[in-house]
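Participant: Below is a structure I'd like to ask you about.
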Amino acid sequence: MTHAIELLSATRSFRSDDAVQDVTLAVPEGAICGVLGRNGAGKTTVMSLISGQDRPTTGRVLVDGEDPFENEAVLSRISFVRDNQRYPDDYFLHHVLGIAPAFAPYWDGELAAELVERFRLPRKPAIRKFSRGQLSAVAIVLGLASRSPITLLDEPYLGLDATARGLFHDILLRDLGLYPRTLLLSTHLIDESESLFDHIVLMDRGRVVLRTEAEEARHLAMCVSGVADAVQAFAADYPVLYSHSIGGLQTSTVTGRLDDDARSRAATLGVRVKGASLQDLAVAYGSGDALQDSSKEGISA
Ligand SMILES: Nc1ncnc2c1ncn2[C@@H]1O[C@H](COP(=O)(O)OP(=O)(O)OP(=O)(O)O)[C@@H](O)[C@H]1O
């Protein structure tokens, strides 16, 4: 399998703190990879390393098999659109759209025009006066219309209304179908974007705690809830990722497939069980309790 992006034991330290620690991951060419994790987990730092805007303190980052840092040939194939993209104070939308093709050799003006129209982006006022959602829409226009073989979208949904989010999904899938490329997307709106991903990288405190194909993630774990004693009896058979209790009730996320055995055991014990969603996994791994378990699982994308 050809990997568009590889990180090999990459660490990025700032003074004594590691923003990203010993990260190893590989994203196959043409995949849509969700990069998930709590605030400060290291998602933006990973994208900065991949886009050559930053360099690992130790370890390696490879894009199409090469170090992207100061590598013009590689950088010309990457678009990195951040959540806090800055524009000059006097810039209007037409300035941004006018200058974008100079930085994006695969730029498609027709797609940009369609997105501007469908996101209802105004020609006036200046971009600095745009609402939070309009700024996100500008970032999406740049990210999608660049048609870069490697596209990194860092939290593209901030402030976007539900219609605009649906539009983004539709156009993203349509355009990637027509012009396949490798896409990394970080988001906290996990439930909404889950269906987009074919790979998942889940980070916590600078480390990758789970990397897997999205399909596998759907069968990785179960959430069981009910009276604490019964939940604990059920969970005794599985590695527990995360538990929380209120009063005498408990919910636990446990590693294991929701199969007929699990269902009948849950029925016998009188607890509710369901397959863990990606959001459930993100909560479980983000609790910190699951760090050791995940490395034991040895899950890899
Ligand atoms: N330039 C820097 N100097 C010092 N610390 C930094 C720097 N950049 C990032 N960090 C730290 O590295 C950690 C990871 O930050 P990062 O922005 O990658 O997280 P994130 O997962 O993108 O978070 P969020 O979801 O809140 O955007 C944070 O603790 C952050 O404070």
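As shown in the structure tokens, the chain order sets the letters A, B, ...; within each chain, residues go from 1, and ligands are also counted from 1 in the order they appear.
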Excluding range 65-81 of chain A and its own-chain neighbours fewer than 4 positions away, which residues fall within 9 Å of it when counting only C-alpha atoms? Please give them as a PyMOL selection string.
Facilitator: chain A and resi 3-6+47-55+60-61+85+103-106+139-140+142-144+146-156
Participant: Keeping only N, CA and C atoms, write those residues as a tab-separated table (two decimals), in the first residue's frame.
Facilitator:
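Written file, out-v2.tsv:
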```
chain	number	residue	atom	x	y	z
A	3	HIS	N	1.72	4.93	0.95
A	3	HIS	CA	1.33	5.88	1.98
A	3	HIS	C	1.67	7.29	1.55
A	4	ALA	N	0.65	8.16	1.56
A	4	ALA	CA	0.88	9.56	1.20
A	4	ALA	C	1.60	10.27	2.33
A	5	ILE	N	1.26	9.88	3.56
A	5	ILE	CA	1.79	10.57	4.74
A	5	ILE	C	2.30	9.52	5.72
A	6	GLU	N	3.50	9.76	6.24
A	6	GLU	CA	4.02	8.88	7.30
A	6	GLU	C	4.69	9.71	8.37
A	47	MET	N	-0.52	18.38	11.95
A	47	MET	CA	-0.77	18.93	10.61
A	47	MET	C	0.33	19.92	10.21
A	48	SER	N	0.82	20.69	11.19
A	48	SER	CA	1.92	21.64	10.90
A	48	SER	C	3.17	20.88	10.46
A	49	LEU	N	3.40	19.73	11.09
A	49	LEU	CA	4.58	18.93	10.72
A	49	LEU	C	4.42	18.37	9.30
A	50	ILE	N	3.22	17.88	9.02
A	50	ILE	CA	2.97	17.27	7.69
A	50	ILE	C	3.08	18.33	6.59
A	51	SER	N	2.62	19.54	6.91
A	51	SER	CA	2.60	20.59	5.89
A	51	SER	C	3.94	21.32	5.79
A	52	GLY	N	4.93	20.87	6.56
A	52	GLY	CA	6.26	21.49	6.48
A	52	GLY	C	6.32	22.86	7.11
A	53	GLN	N	5.29	23.26	7.85
A	53	GLN	CA	5.34	24.55	8.53
A	53	GLN	C	6.13	24.44	9.82
A	54	ASP	N	6.43	23.22	10.19
A	54	ASP	CA	7.17	22.97	11.42
A	54	ASP	C	7.97	21.68	11.19
A	55	ARG	N	8.91	21.43	12.05
A	55	ARG	CA	9.78	20.25	11.90
A	55	ARG	C	9.81	19.46	13.19
A	60	ARG	N	10.76	11.39	12.21
A	60	ARG	CA	10.69	11.81	10.79
A	60	ARG	C	9.24	11.99	10.34
A	61	VAL	N	9.10	12.90	9.38
A	61	VAL	CA	7.81	13.09	8.71
A	61	VAL	C	8.07	12.94	7.22
A	85	GLN	N	-6.89	30.91	10.32
A	85	GLN	CA	-6.24	31.52	9.16
A	85	GLN	C	-6.35	33.05	9.26
A	103	PHE	N	-0.64	29.96	-5.04
A	103	PHE	CA	-0.12	29.03	-4.03
A	103	PHE	C	-0.66	27.61	-4.23
A	104	ALA	N	-1.55	27.46	-5.19
A	104	ALA	CA	-2.20	26.16	-5.35
A	104	ALA	C	-2.23	25.80	-6.84
A	105	PRO	N	-1.23	25.02	-7.28
A	105	PRO	CA	-1.13	24.72	-8.71
A	105	PRO	C	-2.31	23.95	-9.29
A	106	TYR	N	-3.09	23.30	-8.41
A	106	TYR	CA	-4.23	22.51	-8.91
A	106	TYR	C	-5.55	23.27	-8.74
A	139	ALA	N	-12.22	29.29	4.48
A	139	ALA	CA	-11.17	28.27	4.61
A	139	ALA	C	-11.53	27.01	3.82
A	140	ILE	N	-12.80	26.64	3.84
A	140	ILE	CA	-13.23	25.45	3.10
A	140	ILE	C	-13.10	25.68	1.59
A	142	LEU	N	-10.93	27.55	0.15
A	142	LEU	CA	-9.50	27.45	-0.17
A	142	LEU	C	-9.04	25.99	-0.14
A	143	GLY	N	-9.52	25.27	0.87
A	143	GLY	CA	-9.07	23.88	1.03
A	143	GLY	C	-9.57	22.98	-0.09
A	144	LEU	N	-10.82	23.14	-0.49
A	144	LEU	CA	-11.37	22.24	-1.52
A	144	LEU	C	-10.98	22.67	-2.94
A	146	SER	N	-8.46	24.21	-3.89
A	146	SER	CA	-7.02	24.03	-4.18
A	146	SER	C	-6.78	22.67	-4.84
A	147	ARG	N	-7.68	21.73	-4.61
A	147	ARG	CA	-7.57	20.37	-5.15
A	147	ARG	C	-6.17	19.78	-4.97
A	148	SER	N	-5.53	20.13	-3.87
A	148	SER	CA	-4.17	19.62	-3.64
A	148	SER	C	-4.22	18.13	-3.35
A	149	PRO	N	-3.27	17.39	-3.87
A	149	PRO	CA	-3.25	15.93	-3.64
A	149	PRO	C	-3.25	15.59	-2.16
A	150	ILE	N	-2.67	16.48	-1.34
A	150	ILE	CA	-2.70	16.28	0.12
A	150	ILE	C	-3.35	17.52	0.72
A	151	THR	N	-4.53	17.33	1.29
A	151	THR	CA	-5.29	18.46	1.83
A	151	THR	C	-5.49	18.25	3.33
A	152	LEU	N	-5.12	19.27	4.10
A	152	LEU	CA	-5.23	19.20	5.56
A	152	LEU	C	-6.22	20.27	6.00
A	153	LEU	N	-7.32	19.85	6.60
A	153	LEU	CA	-8.33	20.80	7.07
A	153	LEU	C	-8.39	20.72	8.59
A	154	ASP	N	-7.99	21.80	9.24
A	154	ASP	CA	-7.94	21.81	10.69
A	154	ASP	C	-9.20	22.46	11.24
A	155	GLU	N	-10.08	21.66	11.81
A	155	GLU	CA	-11.33	22.14	12.43
A	155	GLU	C	-12.11	23.04	11.45
A	156	PRO	N	-12.53	22.49	10.31
A	156	PRO	CA	-13.17	23.33	9.29
A	156	PRO	C	-14.59	23.78	9.64
```
Participant: Residues within 12 Å of ligand 1 (only C-alpha atoms and all ligand atoms), as a short mmCIF file (atom, residue, chain, number, x, y, z; two decimals) with N, CA and C atoms, in the first residue's frame?
Facilitator:
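Wrote it out as pocket_21.cif, contents follow:
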```
data_model
loop_
_atom_site.label_atom_id
_atom_site.label_comp_id
_atom_site.auth_asym_id
_atom_site.auth_seq_id
_atom_site.Cartn_x
_atom_site.Cartn_y
_atom_site.Cartn_z
N THR A 11 8.37 13.50 17.36
CA THR A 11 8.13 14.26 18.58
C THR A 11 8.39 15.74 18.27
N ARG A 12 7.49 16.60 18.75
CA ARG A 12 7.74 18.05 18.61
C ARG A 12 7.67 18.65 20.01
N SER A 13 8.79 19.12 20.48
CA SER A 13 8.85 19.67 21.83
C SER A 13 8.93 21.19 21.78
N PHE A 14 8.28 21.82 22.73
CA PHE A 14 8.43 23.25 22.94
C PHE A 14 8.98 23.41 24.35
N ARG A 15 10.22 23.88 24.45
CA ARG A 15 10.93 23.86 25.76
C ARG A 15 10.86 22.46 26.33
N SER A 16 10.28 22.30 27.53
CA SER A 16 10.30 20.94 28.09
C SER A 16 9.02 20.16 27.79
N ASP A 17 8.07 20.82 27.09
CA ASP A 17 6.79 20.13 26.84
C ASP A 17 6.75 19.51 25.44
N ASP A 18 6.19 18.31 25.36
CA ASP A 18 6.02 17.67 24.06
C ASP A 18 4.60 17.91 23.55
N ALA A 19 4.46 18.72 22.49
CA ALA A 19 3.14 18.93 21.89
C ALA A 19 2.71 17.65 21.20
N VAL A 20 3.69 16.96 20.64
CA VAL A 20 3.46 15.69 19.96
C VAL A 20 4.58 14.76 20.40
N GLN A 21 4.22 13.55 20.79
CA GLN A 21 5.22 12.67 21.40
C GLN A 21 5.24 11.31 20.75
N VAL A 35 -8.74 13.18 12.20
CA VAL A 35 -7.78 13.36 13.30
C VAL A 35 -8.55 13.92 14.48
N LEU A 36 -8.68 13.10 15.51
CA LEU A 36 -9.59 13.43 16.61
C LEU A 36 -8.83 13.51 17.92
N GLY A 37 -9.43 14.21 18.86
CA GLY A 37 -8.81 14.30 20.18
C GLY A 37 -9.22 15.58 20.87
N ARG A 38 -9.02 15.61 22.17
CA ARG A 38 -9.44 16.75 22.97
C ARG A 38 -8.60 17.99 22.66
N ASN A 39 -9.01 19.12 23.21
CA ASN A 39 -8.23 20.34 23.06
C ASN A 39 -6.79 20.08 23.52
N GLY A 40 -5.86 20.54 22.72
CA GLY A 40 -4.46 20.41 23.11
C GLY A 40 -3.88 19.02 22.89
N ALA A 41 -4.62 18.16 22.21
CA ALA A 41 -4.17 16.77 22.01
C ALA A 41 -2.96 16.68 21.06
N GLY A 42 -2.80 17.68 20.19
CA GLY A 42 -1.67 17.67 19.27
C GLY A 42 -2.05 17.60 17.80
N LYS A 43 -3.33 17.77 17.50
CA LYS A 43 -3.83 17.61 16.12
C LYS A 43 -3.22 18.67 15.18
N THR A 44 -3.28 19.93 15.61
CA THR A 44 -2.75 21.01 14.76
C THR A 44 -1.25 20.86 14.60
N THR A 45 -0.58 20.45 15.66
CA THR A 45 0.88 20.29 15.57
C THR A 45 1.22 19.21 14.55
N VAL A 46 0.49 18.12 14.55
CA VAL A 46 0.73 17.05 13.56
C VAL A 46 0.54 17.60 12.15
N MET A 47 -0.52 18.38 11.95
CA MET A 47 -0.77 18.93 10.61
C MET A 47 0.33 19.92 10.21
N SER A 48 0.82 20.69 11.19
CA SER A 48 1.92 21.64 10.90
C SER A 48 3.17 20.88 10.46
N LEU A 49 3.40 19.73 11.09
CA LEU A 49 4.58 18.93 10.72
C LEU A 49 4.42 18.37 9.30
N GLN A 53 5.29 23.26 7.85
CA GLN A 53 5.34 24.55 8.53
C GLN A 53 6.13 24.44 9.82
N ASP A 54 6.43 23.22 10.19
CA ASP A 54 7.17 22.97 11.42
C ASP A 54 7.97 21.68 11.19
N ARG A 55 8.91 21.43 12.05
CA ARG A 55 9.78 20.25 11.90
C ARG A 55 9.81 19.46 13.19
N ARG A 82 -6.01 26.23 8.21
CA ARG A 82 -6.13 26.19 9.67
C ARG A 82 -7.40 26.88 10.12
N ASP A 83 -7.80 26.58 11.35
CA ASP A 83 -9.01 27.20 11.88
C ASP A 83 -8.82 28.70 12.10
N ASN A 84 -7.57 29.13 12.35
CA ASN A 84 -7.37 30.55 12.66
C ASN A 84 -6.58 31.27 11.56
N LEU A 153 -7.32 19.85 6.60
CA LEU A 153 -8.33 20.80 7.07
C LEU A 153 -8.39 20.72 8.59
N ASP A 154 -7.99 21.80 9.24
CA ASP A 154 -7.94 21.81 10.69
C ASP A 154 -9.20 22.46 11.24
N GLU A 155 -10.08 21.66 11.81
CA GLU A 155 -11.33 22.14 12.43
C GLU A 155 -12.11 23.04 11.45
N PRO A 156 -12.53 22.49 10.31
CA PRO A 156 -13.17 23.33 9.29
C PRO A 156 -14.59 23.78 9.64
N LEU A 158 -15.89 25.25 12.47
CA LEU A 158 -16.16 26.24 13.52
C LEU A 158 -17.17 27.29 13.09
N LEU A 185 -8.62 15.54 8.25
CA LEU A 185 -9.60 16.50 8.76
C LEU A 185 -9.67 16.37 10.28
N SER A 186 -9.38 17.45 10.98
CA SER A 186 -9.52 17.40 12.43
C SER A 186 -10.86 18.03 12.80
N THR A 187 -11.51 17.46 13.78
CA THR A 187 -12.80 18.02 14.20
C THR A 187 -13.18 17.56 15.59
N HIS A 188 -13.99 18.39 16.25
CA HIS A 188 -14.62 17.97 17.50
C HIS A 188 -16.06 17.53 17.24
N LEU A 189 -16.56 17.75 16.02
CA LEU A 189 -17.93 17.33 15.68
C LEU A 189 -17.86 15.90 15.12
N VAL A 201 -7.41 8.63 13.35
CA VAL A 201 -6.28 8.78 14.27
C VAL A 201 -6.81 9.53 15.47
N LEU A 202 -6.73 8.90 16.63
CA LEU A 202 -7.24 9.52 17.85
C LEU A 202 -6.03 9.85 18.73
N MET A 203 -5.94 11.13 19.13
CA MET A 203 -4.78 11.57 19.91
C MET A 203 -5.21 11.98 21.31
N ASP A 204 -4.30 11.85 22.23
CA ASP A 204 -4.52 12.38 23.58
C ASP A 204 -3.17 12.77 24.15
N ARG A 205 -3.10 14.01 24.66
CA ARG A 205 -1.88 14.53 25.27
C ARG A 205 -0.63 14.24 24.43
N GLY A 206 -0.76 14.54 23.14
CA GLY A 206 0.40 14.47 22.25
C GLY A 206 0.70 13.09 21.68
N ARG A 207 -0.02 12.09 22.17
CA ARG A 207 0.26 10.73 21.68
C ARG A 207 -0.90 10.20 20.85
N VAL A 208 -0.59 9.29 19.94
CA VAL A 208 -1.66 8.58 19.24
C VAL A 208 -2.13 7.45 20.14
N GLY A 286 -10.05 9.87 25.49
CA GLY A 286 -9.73 11.21 25.98
C GLY A 286 -9.75 11.30 27.49
#
```
Participant: Leaving out Leu249 in chain A and any residue of its chain fewer than 4 positions from it, which residues lie within 12 Å of it when counting only C-alpha atoms, given as a VMD selection string?
Facilitator: chain A and resid 224 to 232 243 to 245 271 to 272
Participant: Keeping C-alpha atoms for every residue in the selection just given, could you write it to a file as a CSV table (one decimal), in the first residue's frame?
Facilitator:
```
chain,number,residue,atom,x,y,z
A,224,VAL,CA,-22.7,-0.9,28.7
A,225,SER,CA,-24.9,0.9,31.2
A,226,GLY,CA,-27.2,0.0,34.1
A,227,VAL,CA,-26.9,-0.8,37.8
A,228,ALA,CA,-23.2,-0.6,38.8
A,229,ASP,CA,-22.9,-4.2,40.1
A,230,ALA,CA,-24.4,-5.6,36.9
A,231,VAL,CA,-22.3,-3.4,34.6
A,232,GLN,CA,-19.1,-4.4,36.5
A,243,SER,CA,-16.2,4.1,33.3
A,244,HIS,CA,-18.3,6.7,35.1
A,245,SER,CA,-20.9,6.4,37.8
A,271,VAL,CA,-27.9,-4.1,31.5
A,272,ARG,CA,-28.1,-2.1,28.2
```
Participant: DSSP on the backbone: what in range 51-257 of chain A comes out strand (DSSP E), as a PyMOL selection string?
Facilitator: chain A and resi 58-63+78-81+150-154+182-186+199-204+207-213+221-227+240-246+249-255
Participant: Save out the residues we just selected, N, CA and C atoms, as a short mmCIF file (atom, residue, chain, number, x, y, z; two decimals), in the first residue's frame.
Facilitator:
```cif
data_model
loop_
_atom_site.label_atom_id
_atom_site.label_comp_id
_atom_site.auth_asym_id
_atom_site.auth_seq_id
_atom_site.Cartn_x
_atom_site.Cartn_y
_atom_site.Cartn_z
N THR A 58 12.46 15.32 17.11
CA THR A 58 13.09 14.04 16.78
C THR A 58 12.09 13.23 15.94
N GLY A 59 12.58 12.22 15.28
CA GLY A 59 11.72 11.40 14.43
C GLY A 59 11.63 12.00 13.03
N ARG A 60 10.76 11.39 12.21
CA ARG A 60 10.69 11.81 10.79
C ARG A 60 9.24 11.99 10.34
N VAL A 61 9.10 12.90 9.38
CA VAL A 61 7.81 13.09 8.71
C VAL A 61 8.07 12.94 7.22
N LEU A 62 7.28 12.11 6.58
CA LEU A 62 7.44 11.90 5.14
C LEU A 62 6.12 12.15 4.43
N VAL A 63 6.17 12.92 3.36
CA VAL A 63 4.99 13.12 2.52
C VAL A 63 5.40 12.67 1.11
N ILE A 78 0.61 20.25 -1.24
CA ILE A 78 -0.09 20.24 0.05
C ILE A 78 -0.85 21.54 0.26
N SER A 79 -2.10 21.41 0.74
CA SER A 79 -2.84 22.58 1.25
C SER A 79 -3.13 22.34 2.70
N PHE A 80 -2.83 23.33 3.53
CA PHE A 80 -3.12 23.24 4.96
C PHE A 80 -3.96 24.45 5.33
N VAL A 81 -5.23 24.21 5.64
CA VAL A 81 -6.12 25.31 5.99
C VAL A 81 -6.42 25.20 7.47
N ILE A 150 -2.67 16.48 -1.34
CA ILE A 150 -2.70 16.28 0.12
C ILE A 150 -3.35 17.52 0.72
N THR A 151 -4.53 17.33 1.29
CA THR A 151 -5.29 18.46 1.83
C THR A 151 -5.49 18.25 3.33
N LEU A 152 -5.12 19.27 4.10
CA LEU A 152 -5.23 19.20 5.56
C LEU A 152 -6.22 20.27 6.00
N LEU A 153 -7.32 19.85 6.60
CA LEU A 153 -8.33 20.80 7.07
C LEU A 153 -8.39 20.72 8.59
N ASP A 154 -7.99 21.80 9.24
CA ASP A 154 -7.94 21.81 10.69
C ASP A 154 -9.20 22.46 11.24
N THR A 182 -5.70 12.77 -0.86
CA THR A 182 -5.59 12.34 0.54
C THR A 182 -6.01 13.52 1.41
N LEU A 183 -6.92 13.25 2.34
CA LEU A 183 -7.45 14.34 3.14
C LEU A 183 -7.37 14.01 4.63
N LEU A 184 -6.80 14.95 5.38
CA LEU A 184 -6.81 14.84 6.85
C LEU A 184 -7.73 15.92 7.37
N LEU A 185 -8.62 15.54 8.25
CA LEU A 185 -9.60 16.50 8.76
C LEU A 185 -9.67 16.37 10.28
N SER A 186 -9.38 17.45 10.98
CA SER A 186 -9.52 17.40 12.43
C SER A 186 -10.86 18.03 12.80
N HIS A 199 -10.29 6.35 7.68
CA HIS A 199 -9.27 6.07 8.69
C HIS A 199 -9.45 7.05 9.85
N ILE A 200 -9.03 6.59 11.02
CA ILE A 200 -9.15 7.40 12.23
C ILE A 200 -7.80 7.45 12.93
N VAL A 201 -7.41 8.63 13.35
CA VAL A 201 -6.28 8.78 14.27
C VAL A 201 -6.81 9.53 15.47
N LEU A 202 -6.73 8.90 16.63
CA LEU A 202 -7.24 9.52 17.85
C LEU A 202 -6.03 9.85 18.73
N MET A 203 -5.94 11.13 19.13
CA MET A 203 -4.78 11.57 19.91
C MET A 203 -5.21 11.98 21.31
N ASP A 204 -4.30 11.85 22.23
CA ASP A 204 -4.52 12.38 23.58
C ASP A 204 -3.17 12.77 24.15
N ARG A 207 -0.02 12.09 22.17
CA ARG A 207 0.26 10.73 21.68
C ARG A 207 -0.90 10.20 20.85
N VAL A 208 -0.59 9.29 19.94
CA VAL A 208 -1.66 8.58 19.24
C VAL A 208 -2.13 7.45 20.14
N VAL A 209 -3.41 7.48 20.50
CA VAL A 209 -3.93 6.43 21.38
C VAL A 209 -4.73 5.39 20.59
N LEU A 210 -5.12 5.74 19.39
CA LEU A 210 -5.83 4.78 18.55
C LEU A 210 -5.65 5.18 17.10
N ARG A 211 -5.27 4.23 16.28
CA ARG A 211 -5.27 4.46 14.84
C ARG A 211 -5.81 3.21 14.18
N THR A 212 -6.79 3.43 13.34
CA THR A 212 -7.49 2.26 12.81
C THR A 212 -8.30 2.65 11.58
N GLU A 213 -8.75 1.65 10.86
CA GLU A 213 -9.71 1.93 9.79
C GLU A 213 -11.05 2.22 10.44
N ALA A 221 -15.56 -1.52 20.23
CA ALA A 221 -15.90 -1.42 21.65
C ALA A 221 -17.41 -1.37 21.84
N MET A 222 -17.80 -1.54 23.10
CA MET A 222 -19.24 -1.48 23.47
C MET A 222 -19.40 -0.52 24.64
N CYS A 223 -20.57 0.09 24.71
CA CYS A 223 -20.93 0.87 25.89
C CYS A 223 -22.01 0.10 26.63
N VAL A 224 -21.77 -0.14 27.90
CA VAL A 224 -22.74 -0.88 28.70
C VAL A 224 -23.16 -0.02 29.88
N SER A 225 -24.46 0.01 30.14
CA SER A 225 -24.93 0.88 31.22
C SER A 225 -26.04 0.18 32.00
N GLY A 226 -26.15 0.57 33.26
CA GLY A 226 -27.17 -0.01 34.14
C GLY A 226 -26.72 0.08 35.59
N VAL A 227 -27.29 -0.79 36.41
CA VAL A 227 -26.92 -0.83 37.82
C VAL A 227 -25.43 -1.21 37.92
N VAL A 240 -11.51 -2.69 30.13
CA VAL A 240 -12.35 -1.49 30.31
C VAL A 240 -11.55 -0.27 29.87
N LEU A 241 -12.16 0.51 28.96
CA LEU A 241 -11.51 1.74 28.50
C LEU A 241 -11.85 2.92 29.39
N TYR A 242 -13.09 2.92 29.88
CA TYR A 242 -13.57 4.12 30.59
C TYR A 242 -14.84 3.77 31.34
N SER A 243 -14.97 4.31 32.55
CA SER A 243 -16.21 4.11 33.32
C SER A 243 -16.58 5.40 34.01
N HIS A 244 -17.86 5.65 34.15
CA HIS A 244 -18.28 6.70 35.07
C HIS A 244 -19.59 6.30 35.72
N SER A 245 -19.76 6.76 36.97
CA SER A 245 -20.92 6.36 37.76
C SER A 245 -21.64 7.59 38.28
N ILE A 246 -22.93 7.47 38.36
CA ILE A 246 -23.74 8.48 39.05
C ILE A 246 -24.69 7.70 39.95
N LEU A 249 -25.73 3.97 39.43
CA LEU A 249 -25.71 3.59 38.01
C LEU A 249 -24.31 3.80 37.43
N GLN A 250 -23.98 2.97 36.46
CA GLN A 250 -22.64 3.07 35.86
C GLN A 250 -22.74 2.87 34.35
N THR A 251 -21.89 3.60 33.64
CA THR A 251 -21.69 3.35 32.21
C THR A 251 -20.22 3.03 32.00
N SER A 252 -19.96 1.99 31.26
CA SER A 252 -18.56 1.63 30.96
C SER A 252 -18.41 1.43 29.46
N THR A 253 -17.26 1.86 28.95
CA THR A 253 -16.91 1.55 27.57
C THR A 253 -15.84 0.47 27.63
N VAL A 254 -16.11 -0.66 26.99
CA VAL A 254 -15.18 -1.80 27.06
C VAL A 254 -14.78 -2.22 25.65
N THR A 255 -13.55 -2.68 25.52
CA THR A 255 -13.10 -3.18 24.23
C THR A 255 -13.75 -4.54 23.97
#
```
Participant: Out of A:Arg181, A:His95, A:Lys274, A:Arg263, which residue has the shortest atom-to-atom distance to Leu220 in chain A when counting only C-alpha atoms?
Facilitator: A:Lys274
Participant: Residues near Tyr87 in chain A, anyone? I mean within 10 Å using only C-alpha atoms, not counting same-chain ones fewer than 6 positions away, as a ChimeraX atom specification.
Facilitator: /A:93,95-96,126-128
Participant: Write a file of the selected residues as a PDB file, in the first residue's frame, keeping C-alpha atoms.
Facilitator:
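File again-v7.pdb, as written:
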```
ATOM      1  CA  LEU A  93     -13.012  37.924  -0.740  1.00  0.00           C
ATOM      2  CA  HIS A  95      -8.325  39.366  -3.045  1.00  0.00           C
ATOM      3  CA  VAL A  96      -8.148  35.947  -1.395  1.00  0.00           C
ATOM      4  CA  ALA A 126     -13.616  43.081   4.185  1.00  0.00           C
ATOM      5  CA  ILE A 127     -12.757  39.572   5.344  1.00  0.00           C
ATOM      6  CA  ARG A 128     -11.767  40.817   8.813  1.00  0.00           C
TER       7      ARG A 128
END
```
Participant: For Pro180 in chain A, which residue among A:Gly30, A:Phe130, A:Leu8, A:Thr24 is the nearest when counting only C-alpha atoms?
Facilitator: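 Ranked by minimum distance to Pro180 in chain A, first place goes to A:Gly30.
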Participant: Would you return as a PyMOL selection string the members of range 47-262 of chain A that DSSP assigns to alpha helix (DSSP H) on this structure's backbone?
Facilitator: chain A and resi 47-50+72-75+93-103+109-118+132-145+162-178+190-193+214-217+228-235+260-262
Participant: Please provide the set of residues having any atom within 12 Å of Asp261 in chain A, restricted to only C-alpha atoms, with same-chain residues fewer than 6 positions apart removed, written as a ChimeraX atom specification.
Facilitator: /A:234,237,267-268,273
Participant: Got a sec: who's within 12 Å of range 118-125 of chain A, counting only C-alpha atoms, leaving out chain neighbours fewer than 5 positions off, as a PyMOL selection string?
Facilitator: chain A and resi 89-97+111-113+130-141+160-168+170-171
Participant: For CA of Leu172 in chain A and CA of Trp107 in chain A, determine how far apart the two atoms are, in Å to one decimal place.
Facilitator: 14.9 Å
Participant: For Ser193 in chain A, which residue out of A:Leu278, A:Ala10, A:Val23, A:Ala145 is the nearest one, using only C-alpha atoms?
Facilitator: A:Leu278
Participant: Find, counting only C-alpha atoms, the residue in A:Asp280, A:Glu216, A:Glu194, A:Asp260 that gets nearest to Cys33 in chain A.
Facilitator: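 Once distances to Cys33 in chain A are computed over only C-alpha atoms, the minimum belongs to A:Glu194.
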